[in-house]
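Trainee: You'll find entry.cif just under this line, and it carries mmCIF, C-alpha atoms.
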```
data_input
loop_
_atom_site.label_atom_id
_atom_site.label_comp_id
_atom_site.auth_asym_id
_atom_site.auth_seq_id
_atom_site.Cartn_x
_atom_site.Cartn_y
_atom_site.Cartn_z
CA MET A 1 -41.09 -44.41 8.87
CA THR A 2 -41.20 -41.10 7.03
CA LEU A 3 -38.82 -38.21 7.63
CA THR A 4 -41.64 -36.26 9.31
CA ASP A 5 -42.46 -39.22 11.58
CA GLN A 6 -38.82 -39.58 12.51
CA GLN A 7 -38.49 -35.88 13.28
CA THR A 8 -41.64 -35.96 15.41
CA LYS A 9 -40.34 -38.95 17.36
CA THR A 10 -36.98 -37.32 17.82
CA ARG A 11 -38.52 -34.16 19.21
CA THR A 12 -40.35 -35.95 22.03
CA THR A 13 -36.97 -35.75 23.80
CA PRO A 14 -35.13 -32.45 24.36
CA ARG A 15 -33.55 -31.22 21.14
CA ARG A 16 -29.81 -30.79 21.20
CA LYS A 17 -28.93 -27.10 20.92
CA VAL A 18 -26.21 -25.99 18.54
CA LEU A 19 -24.71 -22.64 17.56
CA ILE A 20 -23.31 -21.81 14.14
CA SER A 21 -21.06 -18.78 13.70
CA GLY A 22 -21.48 -17.37 10.20
CA ALA A 23 -24.48 -16.93 7.89
CA GLY A 24 -22.61 -16.98 4.58
CA ILE A 25 -22.78 -20.26 2.66
CA ALA A 26 -21.62 -23.13 4.88
CA GLY A 27 -23.54 -21.80 7.90
CA PRO A 28 -27.08 -21.82 6.42
CA VAL A 29 -26.49 -25.20 4.74
CA LEU A 30 -25.36 -26.69 8.04
CA ALA A 31 -28.34 -25.08 9.80
CA TYR A 32 -30.77 -26.48 7.23
CA TRP A 33 -29.59 -30.06 7.57
CA LEU A 34 -29.06 -30.05 11.33
CA ASN A 35 -32.64 -28.84 11.72
CA ARG A 36 -33.78 -31.73 9.51
CA TYR A 37 -31.94 -34.10 11.84
CA GLY A 38 -33.70 -32.79 14.94
CA TYR A 39 -31.34 -30.14 16.28
CA ALA A 40 -32.39 -26.75 17.66
CA VAL A 41 -30.19 -24.40 15.64
CA THR A 42 -29.04 -20.85 16.33
CA VAL A 43 -26.95 -18.91 13.79
CA VAL A 44 -24.99 -15.82 14.82
CA GLU A 45 -23.78 -13.37 12.18
CA LYS A 46 -21.79 -10.17 12.72
CA ALA A 47 -23.43 -8.46 9.72
CA GLY A 48 -26.83 -6.86 10.10
CA ALA A 49 -28.50 -9.07 7.48
CA PRO A 50 -27.62 -11.78 4.97
CA ARG A 51 -24.96 -10.35 2.69
CA SER A 52 -26.25 -9.46 -0.75
CA GLY A 53 -24.29 -8.69 -3.88
CA GLY A 54 -20.80 -10.03 -4.25
CA TYR A 55 -18.90 -11.49 -7.15
CA PRO A 56 -20.10 -14.49 -9.19
CA ILE A 57 -19.36 -17.95 -7.82
CA ASP A 58 -19.47 -21.50 -9.20
CA VAL A 59 -21.50 -24.50 -8.02
CA ARG A 60 -20.12 -27.69 -9.54
CA GLY A 61 -20.05 -31.44 -9.32
CA THR A 62 -21.06 -32.93 -5.98
CA ALA A 63 -22.25 -29.54 -4.70
CA LEU A 64 -25.08 -29.59 -7.25
CA ASP A 65 -26.51 -32.59 -5.43
CA VAL A 66 -26.54 -30.62 -2.17
CA VAL A 67 -28.60 -27.73 -3.56
CA ARG A 68 -30.85 -30.22 -5.38
CA ARG A 69 -31.61 -32.02 -2.11
CA MET A 70 -32.33 -28.67 -0.47
CA GLY A 71 -34.90 -27.90 -3.16
CA ILE A 72 -33.24 -24.70 -4.35
CA LEU A 73 -31.71 -25.92 -7.61
CA PRO A 74 -34.56 -24.59 -9.82
CA ARG A 75 -34.19 -21.14 -8.25
CA LEU A 76 -30.45 -21.18 -8.85
CA ARG A 77 -30.94 -22.34 -12.44
CA ASP A 78 -33.10 -19.25 -12.96
CA SER A 79 -30.23 -17.10 -11.59
CA HIS A 80 -27.55 -18.76 -13.72
CA ILE A 81 -25.31 -16.14 -15.31
CA ASP A 82 -24.32 -18.14 -18.38
CA LEU A 83 -20.93 -16.58 -19.02
CA ARG A 84 -20.37 -17.02 -22.74
CA ARG A 85 -16.91 -15.73 -23.52
CA LEU A 86 -13.49 -15.36 -21.91
CA THR A 87 -10.95 -13.19 -23.70
CA PHE A 88 -7.26 -13.10 -22.75
CA LEU A 89 -5.22 -10.06 -23.70
CA GLU A 90 -1.53 -9.35 -24.17
CA GLU A 91 0.15 -6.61 -22.17
CA ASP A 92 -0.38 -4.21 -25.09
CA GLY A 93 -4.12 -4.97 -25.11
CA SER A 94 -4.15 -7.19 -28.21
CA ALA A 95 -6.07 -10.45 -28.08
CA VAL A 96 -4.37 -13.74 -27.22
CA ALA A 97 -7.37 -16.05 -27.36
CA LEU A 98 -11.14 -15.98 -27.14
CA LEU A 99 -12.47 -19.10 -25.42
CA HIS A 100 -15.55 -20.54 -23.84
CA PRO A 101 -14.97 -20.26 -20.07
CA HIS A 102 -15.41 -24.00 -19.51
CA THR A 103 -12.32 -24.63 -21.62
CA VAL A 104 -10.23 -23.06 -18.87
CA THR A 105 -12.29 -23.76 -15.73
CA GLY A 106 -13.14 -27.39 -16.38
CA GLY A 107 -16.86 -26.67 -16.00
CA VAL A 108 -19.58 -28.68 -17.71
CA ALA A 109 -21.98 -26.76 -19.93
CA GLY A 110 -25.66 -27.27 -19.09
CA ARG A 111 -24.87 -28.77 -15.70
CA ASP A 112 -22.66 -26.50 -13.59
CA LEU A 113 -23.95 -23.21 -12.22
CA GLU A 114 -22.51 -19.73 -11.99
CA VAL A 115 -24.57 -17.29 -9.92
CA ARG A 116 -24.08 -14.06 -8.04
CA ARG A 117 -22.95 -14.87 -4.53
CA GLY A 118 -25.88 -12.90 -3.14
CA ASP A 119 -28.37 -14.99 -5.14
CA LEU A 120 -26.98 -18.15 -3.53
CA THR A 121 -26.87 -16.78 0.02
CA ASP A 122 -30.41 -15.45 -0.33
CA ALA A 123 -31.68 -18.83 -1.54
CA LEU A 124 -29.94 -20.62 1.34
CA TYR A 125 -31.24 -18.17 3.95
CA THR A 126 -34.79 -18.41 2.60
CA ALA A 127 -34.64 -22.21 2.83
CA VAL A 128 -33.81 -22.20 6.57
CA ARG A 129 -34.88 -18.86 8.08
CA ASP A 130 -38.18 -20.23 9.43
CA ASP A 131 -36.53 -23.23 11.09
CA ALA A 132 -33.51 -21.69 12.82
CA GLU A 133 -32.88 -18.72 15.09
CA PHE A 134 -30.74 -16.01 13.49
CA LEU A 135 -28.87 -13.46 15.61
CA PHE A 136 -27.62 -10.64 13.38
CA ASN A 137 -25.30 -7.83 14.46
CA ASP A 138 -23.63 -10.13 16.96
CA SER A 139 -20.75 -12.60 17.24
CA ILE A 140 -19.09 -15.01 19.63
CA ASP A 141 -16.84 -13.35 22.21
CA THR A 142 -15.71 -16.37 24.27
CA LEU A 143 -16.08 -20.16 24.30
CA ASP A 144 -15.73 -22.37 27.38
CA GLN A 145 -15.87 -26.17 27.08
CA SER A 146 -15.06 -26.95 30.70
CA GLY A 147 -18.57 -28.26 31.47
CA HIS A 148 -20.93 -30.66 29.71
CA GLY A 149 -21.55 -28.26 26.85
CA VAL A 150 -20.10 -25.11 25.35
CA ASP A 151 -20.67 -21.92 27.34
CA VAL A 152 -20.78 -18.99 24.92
CA THR A 153 -20.69 -15.28 25.63
CA PHE A 154 -21.70 -12.96 22.81
CA ARG A 155 -20.31 -9.56 21.91
CA GLY A 156 -23.78 -8.17 22.54
CA GLY A 157 -23.50 -9.15 26.22
CA SER A 158 -25.70 -12.25 26.48
CA SER A 159 -24.51 -15.77 27.34
CA ARG A 160 -25.93 -19.22 26.59
CA THR A 161 -24.92 -22.88 26.66
CA PHE A 162 -24.98 -25.16 23.62
CA ASP A 163 -24.33 -28.84 23.05
CA MET A 164 -22.08 -28.02 20.08
CA VAL A 165 -20.66 -24.95 18.32
CA PHE A 166 -19.62 -24.69 14.67
CA GLY A 167 -17.30 -22.16 13.06
CA ALA A 168 -18.52 -21.29 9.55
CA ASP A 169 -17.01 -17.82 9.74
CA GLY A 170 -14.64 -17.78 6.79
CA MET A 171 -10.93 -17.89 6.11
CA HIS A 172 -10.13 -15.42 8.87
CA SER A 173 -12.27 -17.36 11.35
CA ARG A 174 -12.51 -16.01 14.88
CA THR A 175 -13.86 -19.39 16.02
CA ARG A 176 -10.76 -21.15 14.70
CA GLU A 177 -8.51 -18.66 16.43
CA MET A 178 -10.24 -19.24 19.78
CA LEU A 179 -10.08 -23.00 19.32
CA PHE A 180 -6.71 -23.65 17.69
CA GLY A 181 -4.68 -20.45 17.93
CA PRO A 182 -3.49 -17.75 15.50
CA GLU A 183 -4.35 -17.97 11.81
CA GLU A 184 -0.64 -17.92 10.88
CA ARG A 185 -0.37 -21.57 11.97
CA PHE A 186 -2.75 -22.69 9.23
CA HIS A 187 -2.53 -19.92 6.63
CA HIS A 188 -0.62 -20.96 3.50
CA TYR A 189 0.01 -17.90 1.36
CA LEU A 190 0.03 -18.60 -2.39
CA GLY A 191 1.96 -15.53 -3.49
CA TYR A 192 -0.79 -13.18 -4.71
CA CYS A 193 -3.09 -10.44 -3.44
CA PHE A 194 -6.24 -9.16 -5.09
CA ALA A 195 -8.89 -6.47 -4.99
CA VAL A 196 -12.38 -6.85 -6.42
CA PHE A 197 -15.08 -4.19 -6.70
CA THR A 198 -17.89 -3.05 -9.00
CA MET A 199 -17.82 -0.20 -11.49
CA ARG A 200 -19.99 1.14 -14.31
CA ASN A 201 -20.02 -0.92 -17.47
CA THR A 202 -18.81 1.58 -20.03
CA PHE A 203 -17.06 -1.11 -22.07
CA GLY A 204 -19.99 -2.67 -23.96
CA LEU A 205 -19.38 -6.04 -22.26
CA SER A 206 -22.15 -8.55 -21.57
CA HIS A 207 -21.95 -12.04 -20.04
CA GLU A 208 -18.22 -12.21 -20.57
CA THR A 209 -14.84 -11.69 -18.96
CA VAL A 210 -11.85 -9.90 -20.43
CA MET A 211 -8.49 -10.49 -18.72
CA TRP A 212 -5.30 -8.48 -19.25
CA ASN A 213 -1.97 -9.93 -18.13
CA ALA A 214 1.54 -8.66 -17.58
CA PRO A 215 4.17 -10.65 -15.67
CA GLY A 216 2.97 -10.85 -12.07
CA ARG A 217 -0.08 -8.67 -12.70
CA ALA A 218 -3.60 -9.24 -14.00
CA ALA A 219 -6.67 -7.10 -14.49
CA ALA A 220 -10.10 -8.41 -15.42
CA LEU A 221 -13.52 -7.01 -16.21
CA TYR A 222 -16.35 -9.44 -15.53
CA ALA A 223 -19.72 -8.42 -16.97
CA VAL A 224 -22.61 -10.37 -15.45
CA GLY A 225 -25.18 -8.20 -17.21
CA ASP A 226 -25.06 -4.87 -19.01
CA ASP A 227 -25.12 -2.19 -16.29
CA GLU A 228 -22.04 -2.88 -14.18
CA VAL A 229 -18.92 -4.98 -14.18
CA HIS A 230 -16.91 -6.67 -11.47
CA ALA A 231 -13.40 -5.26 -11.66
CA PHE A 232 -10.58 -7.50 -10.51
CA LEU A 233 -6.93 -6.61 -9.92
CA ASN A 234 -4.49 -9.36 -8.93
CA PHE A 235 -0.75 -9.13 -8.36
CA ALA A 236 2.16 -11.23 -7.17
CA GLN A 237 3.51 -10.25 -3.76
CA PRO A 238 6.39 -12.11 -2.07
CA GLU A 239 4.96 -11.72 1.43
CA PRO A 240 1.42 -10.98 2.61
CA PRO A 241 0.96 -7.22 3.22
CA PHE A 242 -0.35 -7.68 6.75
CA ASP A 243 -0.36 -3.93 7.43
CA ALA A 244 -2.87 -3.40 4.62
CA PHE A 245 -5.43 -6.04 5.56
CA ARG A 246 -7.21 -3.83 8.10
CA ASP A 247 -6.55 -0.49 6.40
CA PRO A 248 -8.70 0.24 3.31
CA ARG A 249 -6.63 3.28 2.38
CA ALA A 250 -3.41 1.25 2.51
CA GLN A 251 -5.04 -1.38 0.29
CA ARG A 252 -5.96 1.17 -2.36
CA ASP A 253 -2.51 2.76 -2.19
CA LEU A 254 -0.78 -0.60 -2.59
CA VAL A 255 -2.88 -1.60 -5.61
CA ALA A 256 -2.41 1.83 -7.20
CA THR A 257 1.36 1.60 -6.77
CA VAL A 258 1.60 -1.91 -8.23
CA PHE A 259 -0.49 -1.00 -11.31
CA ALA A 260 0.74 2.60 -11.74
CA ASP A 261 2.31 2.02 -15.19
CA ALA A 262 -0.22 -0.51 -16.49
CA GLY A 263 -2.02 0.03 -19.77
CA TRP A 264 -5.30 -1.21 -21.27
CA GLU A 265 -8.29 -0.17 -19.06
CA VAL A 266 -6.31 -0.30 -15.83
CA PRO A 267 -6.03 3.49 -15.27
CA GLY A 268 -9.82 3.77 -15.32
CA MET A 269 -10.11 0.80 -12.99
CA LEU A 270 -7.75 2.45 -10.52
CA ALA A 271 -9.82 5.64 -10.63
CA ALA A 272 -12.98 3.61 -9.92
CA LEU A 273 -11.19 1.77 -7.12
CA ARG A 274 -10.57 5.03 -5.26
CA ASP A 275 -14.31 5.78 -5.09
CA ALA A 276 -15.76 2.25 -4.82
CA ASP A 277 -17.66 1.44 -1.62
CA ASP A 278 -17.60 -2.35 -2.04
CA VAL A 279 -13.87 -3.10 -2.31
CA PHE A 280 -12.84 -6.54 -1.10
CA PHE A 281 -9.09 -6.97 -0.66
CA ASP A 282 -7.30 -10.09 0.54
CA ALA A 283 -4.42 -12.47 0.02
CA VAL A 284 -4.76 -15.53 -2.18
CA SER A 285 -4.26 -18.27 0.40
CA GLN A 286 -5.37 -21.65 1.66
CA ILE A 287 -6.21 -22.85 5.13
CA ARG A 288 -4.73 -26.27 5.89
CA MET A 289 -5.42 -27.91 9.24
CA PRO A 290 -4.48 -31.29 10.69
CA ARG A 291 -7.96 -31.58 12.25
CA TRP A 292 -11.22 -29.68 12.03
CA SER A 293 -12.64 -30.15 15.52
CA SER A 294 -11.74 -29.97 19.19
CA GLY A 295 -14.10 -31.18 21.88
CA ARG A 296 -17.60 -30.00 21.04
CA VAL A 297 -16.55 -27.38 18.48
CA ALA A 298 -15.97 -28.03 14.77
CA LEU A 299 -15.08 -25.95 11.72
CA VAL A 300 -16.56 -26.08 8.24
CA GLY A 301 -16.08 -24.29 4.92
CA ASP A 302 -13.32 -21.72 4.51
CA ALA A 303 -12.74 -21.68 8.27
CA ALA A 304 -11.48 -25.26 7.99
CA TRP A 305 -10.02 -25.53 4.49
CA ALA A 306 -10.24 -22.35 2.37
CA PRO A 307 -9.02 -23.60 -1.04
CA SER A 308 -8.63 -20.10 -2.64
CA PHE A 309 -10.41 -18.87 -5.74
CA LEU A 310 -7.62 -20.37 -7.89
CA THR A 311 -9.36 -23.75 -7.50
CA GLY A 312 -12.83 -22.48 -8.39
CA GLN A 313 -14.13 -24.76 -5.64
CA GLY A 314 -14.52 -22.58 -2.55
CA THR A 315 -18.31 -22.38 -2.68
CA SER A 316 -18.79 -26.01 -3.71
CA LEU A 317 -16.58 -27.28 -0.89
CA SER A 318 -18.56 -25.20 1.61
CA LEU A 319 -21.84 -26.69 0.37
CA VAL A 320 -20.57 -30.27 0.42
CA GLY A 321 -18.67 -29.95 3.70
CA ALA A 322 -21.69 -28.54 5.55
CA TYR A 323 -23.90 -31.34 4.24
CA MET A 324 -21.37 -33.98 5.29
CA LEU A 325 -20.87 -32.48 8.75
CA ALA A 326 -24.59 -32.35 9.47
CA GLY A 327 -25.16 -35.85 8.16
CA SER A 328 -22.28 -37.24 10.21
CA LEU A 329 -24.07 -35.97 13.32
CA ALA A 330 -27.50 -37.33 12.33
CA GLU A 331 -27.05 -40.62 14.15
CA ARG A 332 -24.01 -40.02 16.36
CA ASP A 333 -22.71 -38.14 19.36
CA HIS A 334 -20.36 -35.23 18.72
CA ALA A 335 -17.09 -37.17 19.12
CA THR A 336 -18.09 -40.00 16.80
CA GLY A 337 -19.79 -37.63 14.39
CA PHE A 338 -16.82 -35.30 14.09
CA ALA A 339 -14.52 -38.23 13.42
CA ALA A 340 -16.86 -39.52 10.72
CA TYR A 341 -17.03 -36.05 9.16
CA GLU A 342 -13.26 -35.86 8.79
CA HIS A 343 -12.96 -39.45 7.59
CA SER A 344 -15.58 -38.99 4.86
CA THR A 345 -14.70 -35.48 3.69
CA ARG A 346 -10.97 -34.80 4.01
CA GLU A 347 -9.86 -36.63 0.86
CA PHE A 348 -12.38 -34.68 -1.22
CA VAL A 349 -11.16 -31.40 0.28
CA THR A 350 -7.48 -32.27 -0.27
CA MET A 351 -8.10 -33.27 -3.87
CA ASN A 352 -9.82 -29.98 -4.62
CA GLN A 353 -7.24 -27.88 -2.80
CA ALA A 354 -4.64 -29.45 -5.10
CA LEU A 355 -6.31 -27.74 -8.10
CA VAL A 356 -4.63 -24.52 -7.00
CA GLY A 357 -1.51 -25.15 -9.10
CA LYS A 358 -3.46 -25.35 -12.34
CA GLY A 359 -5.40 -22.17 -11.56
CA GLY A 360 -2.36 -20.07 -10.74
CA ALA A 361 -0.39 -21.16 -13.79
CA THR A 362 -3.27 -20.39 -16.15
CA LEU A 363 -4.47 -17.09 -14.78
CA PHE A 364 -1.45 -15.37 -13.26
CA PRO A 365 1.98 -16.17 -14.72
CA THR A 366 4.66 -14.29 -12.81
CA THR A 367 7.48 -14.13 -15.39
CA SER A 368 7.68 -13.09 -19.04
CA GLN A 369 8.62 -16.62 -20.10
CA ALA A 370 5.77 -18.20 -18.12
CA LEU A 371 3.33 -15.69 -19.60
CA LYS A 372 4.51 -16.45 -23.15
CA GLU A 373 4.14 -20.20 -22.57
CA ARG A 374 0.68 -19.70 -21.06
CA ASN A 375 -0.44 -17.61 -24.03
CA ASP A 376 0.85 -20.24 -26.47
CA ARG A 377 -1.19 -22.89 -24.63
CA LEU A 378 -4.30 -20.69 -24.74
CA ARG A 379 -3.98 -20.19 -28.48
CA ASN A 380 -3.95 -23.96 -28.94
CA LEU A 381 -6.90 -24.38 -26.56
CA SER A 382 -9.10 -22.13 -28.68
CA ALA A 383 -9.68 -24.94 -31.15
CA MET A 384 -10.30 -27.62 -28.53
CA PRO A 385 -13.64 -28.68 -27.00
CA ALA A 386 -14.34 -27.97 -23.36
CA GLU A 387 -13.24 -30.55 -20.84
CA GLU A 388 -15.83 -32.88 -19.38
CA GLY A 389 -15.29 -31.55 -15.88
CA ARG A 390 -12.36 -32.16 -13.59
CA PRO A 391 -12.77 -35.39 -11.63
CA ALA A 392 -12.07 -33.54 -8.36
CA HIS A 393 -15.35 -31.63 -8.62
CA SER A 394 -17.39 -34.84 -8.47
CA ALA A 395 -15.03 -37.15 -6.59
CA LEU A 396 -17.40 -37.53 -3.62
CA THR A 397 -20.79 -39.18 -3.99
CA LEU A 398 -23.20 -37.77 -1.42
CA PRO A 399 -24.48 -40.40 0.99
CA GLU A 400 -28.04 -40.45 2.27
CA PHE A 401 -28.29 -39.69 5.98
CA THR A 402 -31.25 -40.45 8.23
CA PRO A 403 -32.32 -38.66 11.42
CA THR A 404 -31.84 -40.25 14.82
CA SER A 405 -34.82 -42.41 15.64
#
```
Would it be possible to restate this file's structure as structure tokens?
Mentor:
Amino acid sequence: MTLTDQQTKTRTTPRRKVLISGAGIAGPVLAYWLNRYGYAVTVVEKAGAPRSGGYPIDVRGTALDVVRRMGILPRLRDSHIDLRRLTFLEEDGSAVALLHPHTVTGGVAGRDLEVRRGDLTDALYTAVRDDAEFLFNDSIDTLDQSGHGVDVTFRGGSSRTFDMVFGADGMHSRTREMLFGPEERFHHYLGYCFAVFTMRNTFGLSHETVMWNAPGRAAALYAVGDDEVHAFLNFAQPEPPFDAFRDPRAQRDLVATVFADAGWEVPGMLAALRDADDVFFDAVSQIRMPRWSSGRVALVGDAAWAPSFLTGQGTSLSLVGAYMLAGSLAERDHATGFAAYEHSTREFVTMNQALVGKGGATLFPTTSQALKERNDRLRNLSAMPAEEGRPAHSALTLPEFTPTS
């Protein structure tokens, strides 16, 4: 029986209705595969449209199989950035080492992808937009599981009932908060905050990153092309600055204070920060949860296990996790399917979250001694070949799932 035959047979009975909160990365992947397995899918997104732009992200290891099976790998190959050079600088601006990025990241040349986040989200949305209902400019207000489904009221005023609901709404997930309680229970702060934004490329950079370090502070210019650069400012902070998270002016003031005496190109970056309209500020953190579901509601992606950018695996984990969640529900009821999802995916997530220690030590040393030792290691790395990929990236082999017959 072909996939089309199976889907046709499945749809002679009422399709189970599901709601996904979040149209970033995990949400559209989950929608795509749940539709393939016979579900009627609705996606709600608080933004007015799929989010374009954004900083470059990596797709590695097992995640490449997900986008290949979705048929979007050729499109993403065409969007590949092909970062060619990573230069580390001393505090005085002199060069420490010039490396191929894979030497530090563990990527595999010719196989792994680096694309603008907007290019990935656009490809995912295009793959599923004709097969799922998208509700933009709206979000979930309340969830009630007291009946035989999940009664949902939306911020826009409407209400509907679904067989299952999925939170794919990021590290600061509203769905998770409604289901499991305040974020503080699951938020593991890793000791840094960061701001990222775009600015004019007046530096002559192209397809490269230049990173300046001082103890507890880092500044980077990431040139995807020739016209603009992604500016990145990261700093060690003993406690999360909760007062700044919802106050853009406080975020800019905090960053400006921390980097006030910094050299290199940092003064110009701070000036651009004041006028930038695309600043993203957050803490470097992970989400760690003992379970990812409750009743008929489950979490996926950063809402369930945000690994932080220090692992380089946030996007890939979202792609793989959404595929595994949908497949686990292809032949099972929600209780059995959610259990299978956790059983098959948690070890892969935990292994990749553990990469955080390597990322922090390499990119953001917090003391003068640690920075000196890091720079010595980088100088030795410059003569070494790139690694053949960290095992964690490919530790899970994607199973084949079949629709319910």
Trainee: Show me, as JSON lines, the residues of range 132-229 of chain A having an atom within 10 Å of range 263-277 of chain A, each with the closest atom pair and its distance in Å, using all atoms listed in the file.
Mentor:
```
{"residue": "A:Ala195", "atom": "CA", "partner": "A:Leu273", "partner_atom": "CA", "distance": 8.8}
{"residue": "A:Val196", "atom": "CA", "partner": "A:Leu273", "partner_atom": "CA", "distance": 8.7}
{"residue": "A:Phe197", "atom": "CA", "partner": "A:Ala276", "partner_atom": "CA", "distance": 6.7}
{"residue": "A:Thr198", "atom": "CA", "partner": "A:Ala276", "partner_atom": "CA", "distance": 7.1}
{"residue": "A:Met199", "atom": "CA", "partner": "A:Ala272", "partner_atom": "CA", "distance": 6.4}
{"residue": "A:Arg200", "atom": "CA", "partner": "A:Ala272", "partner_atom": "CA", "distance": 8.6}
{"residue": "A:Phe203", "atom": "CA", "partner": "A:Glu265", "partner_atom": "CA", "distance": 9.3}
{"residue": "A:Trp212", "atom": "CA", "partner": "A:Trp264", "partner_atom": "CA", "distance": 7.5}
{"residue": "A:Asn213", "atom": "CA", "partner": "A:Trp264", "partner_atom": "CA", "distance": 9.8}
{"residue": "A:Ala214", "atom": "CA", "partner": "A:Gly263", "partner_atom": "CA", "distance": 9.6}
{"residue": "A:Ala218", "atom": "CA", "partner": "A:Val266", "partner_atom": "CA", "distance": 9.5}
{"residue": "A:Ala219", "atom": "CA", "partner": "A:Val266", "partner_atom": "CA", "distance": 6.9}
{"residue": "A:Ala220", "atom": "CA", "partner": "A:Val266", "partner_atom": "CA", "distance": 9.0}
{"residue": "A:Leu221", "atom": "CA", "partner": "A:Glu265", "partner_atom": "CA", "distance": 9.1}
```
Trainee: Pick the closest to Asp58 in chain A from A:Ala236, A:Leu310, A:Ala304, A:Ile20: which is it, counting all atoms listed in the file?
Mentor: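 Closest candidate: A:Leu310.
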Trainee: Evaluate the PyMOL selection byres ((chain A and resi 163) around 6) here and jot the selected residues down as a VMD selection string.
Mentor: chain A and resid 17 to 18 149 162 164
Trainee: To test your reading of the syntax: which residues would the PyMOL selection byres ((chain A and resi 325) around 10) return for the file shown? Reply as a PyMOL selection string.
Mentor: chain A and resi 30+33-34+166+298-300+320-324+326-330+337-342+344-345
Trainee: Using the chain letters and residue numbers of this document, give as an NGL selection string the residues selected by the PyMOL selection byres ((chain A and resi 121-126) around 8).
Mentor: :A and (23-25 or 28-29 or 50-52 or 72 or 75-76 or 117-120 or 127-130)
Trainee: Write out as a list in words each polymer residue whose atoms come within 9 Å of range 356-370 of chain A, counting only C-alpha atoms; drop sequence neighbours fewer than 6 positions from it.
Mentor: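 Listed by chain and then number, they are Val104, Thr105, Leu190, Tyr192, Met211, Asn213, Ala214, Pro215, Gly216, Arg217, Ala218, Asn234, Phe235, Ala236, Pro307, Ser308, Phe309, Leu310, Thr311, Gly312 and Leu378 of chain A.
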Trainee: Expressed in Å to a single decimal, how great is the separation between CA of Asp278 in chain A and CA of Val229 in chain A?
Mentor: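 Spanning CA of Asp278 in chain A to CA of Val229 in chain A is a straight-line distance of 12.5 Å.
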Trainee: Smallest atom-to-atom distance to Arg296 in chain A: which of A:Ala244, A:Leu233, A:Leu179, A:Ala47, using only C-alpha atoms?
Mentor: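 The shortest atom-to-atom distance to Arg296 in chain A comes from A:Leu179.
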Trainee: For Pro14 in chain A, work out the shell of residues within 12 Å, counting only C-alpha atoms and skipping chain neighbours fewer than 6 positions away, then give it as an NGL selection string.
Mentor: :A and (8 or 38-40 or 163)
Trainee: Which is closer to His188 in chain A than all the others in A:Met171, A:Ala97, A:Ala392, A:Val297, using all atoms listed in the file?
Mentor: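 Looking only at the distances to His188 in chain A, the closest residue turns out to be A:Met171.
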Trainee: When distances are computed from only C-alpha atoms, which of A:Arg176, A:Arg379, A:Arg69, A:His207 shows the smallest separation from Ser293 in chain A?
Mentor: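 Of all the options, A:Arg176 lies closest to Ser293 in chain A.
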Trainee: With only C-alpha atoms as the atoms that count, which of A:Arg252, A:Arg185, A:Lys372, A:His172 lies nearest to Gly301 in chain A?
Mentor: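 For Gly301 in chain A, the nearest of the candidates is A:His172.
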Trainee: Could you jot down the CA of Thr62 in chain A to CA of Gln286 in chain A separation for me, Å, one decimal place?
Mentor: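 Atom-to-atom, CA of Thr62 in chain A to CA of Gln286 in chain A, that is 20.8 Å.
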Trainee: Need the shell around Met178 in chain A: protein/DNA/RNA residues with any atom at most 8 Å away, counting all atoms listed in the file. Skip same-chain ones fewer than 3 positions apart. Format as a ChimeraX atom specification?
Mentor: /A:142-143,174-175,181
Trainee: Show which residues sit within 9 Å of Ile81 in chain A, as a PyMOL selection string. Count all atoms listed in the file, and ignore same-chain residues fewer than 4 positions away.
Mentor: chain A and resi 56+77+113-116+207+224-225
Trainee: Quick check, in Å to one decimal: how far apart do CA of Pro248 in chain A and CA of Cys193 in chain A lie?
Mentor: 13.8 Å
Trainee: For Asn137 in chain A, which residue among A:Val44, A:Val152, A:Ala231, A:Leu73 is the nearest when counting only C-alpha atoms?
Mentor: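 Answer, going by the shortest atom-to-atom distance: A:Val44.
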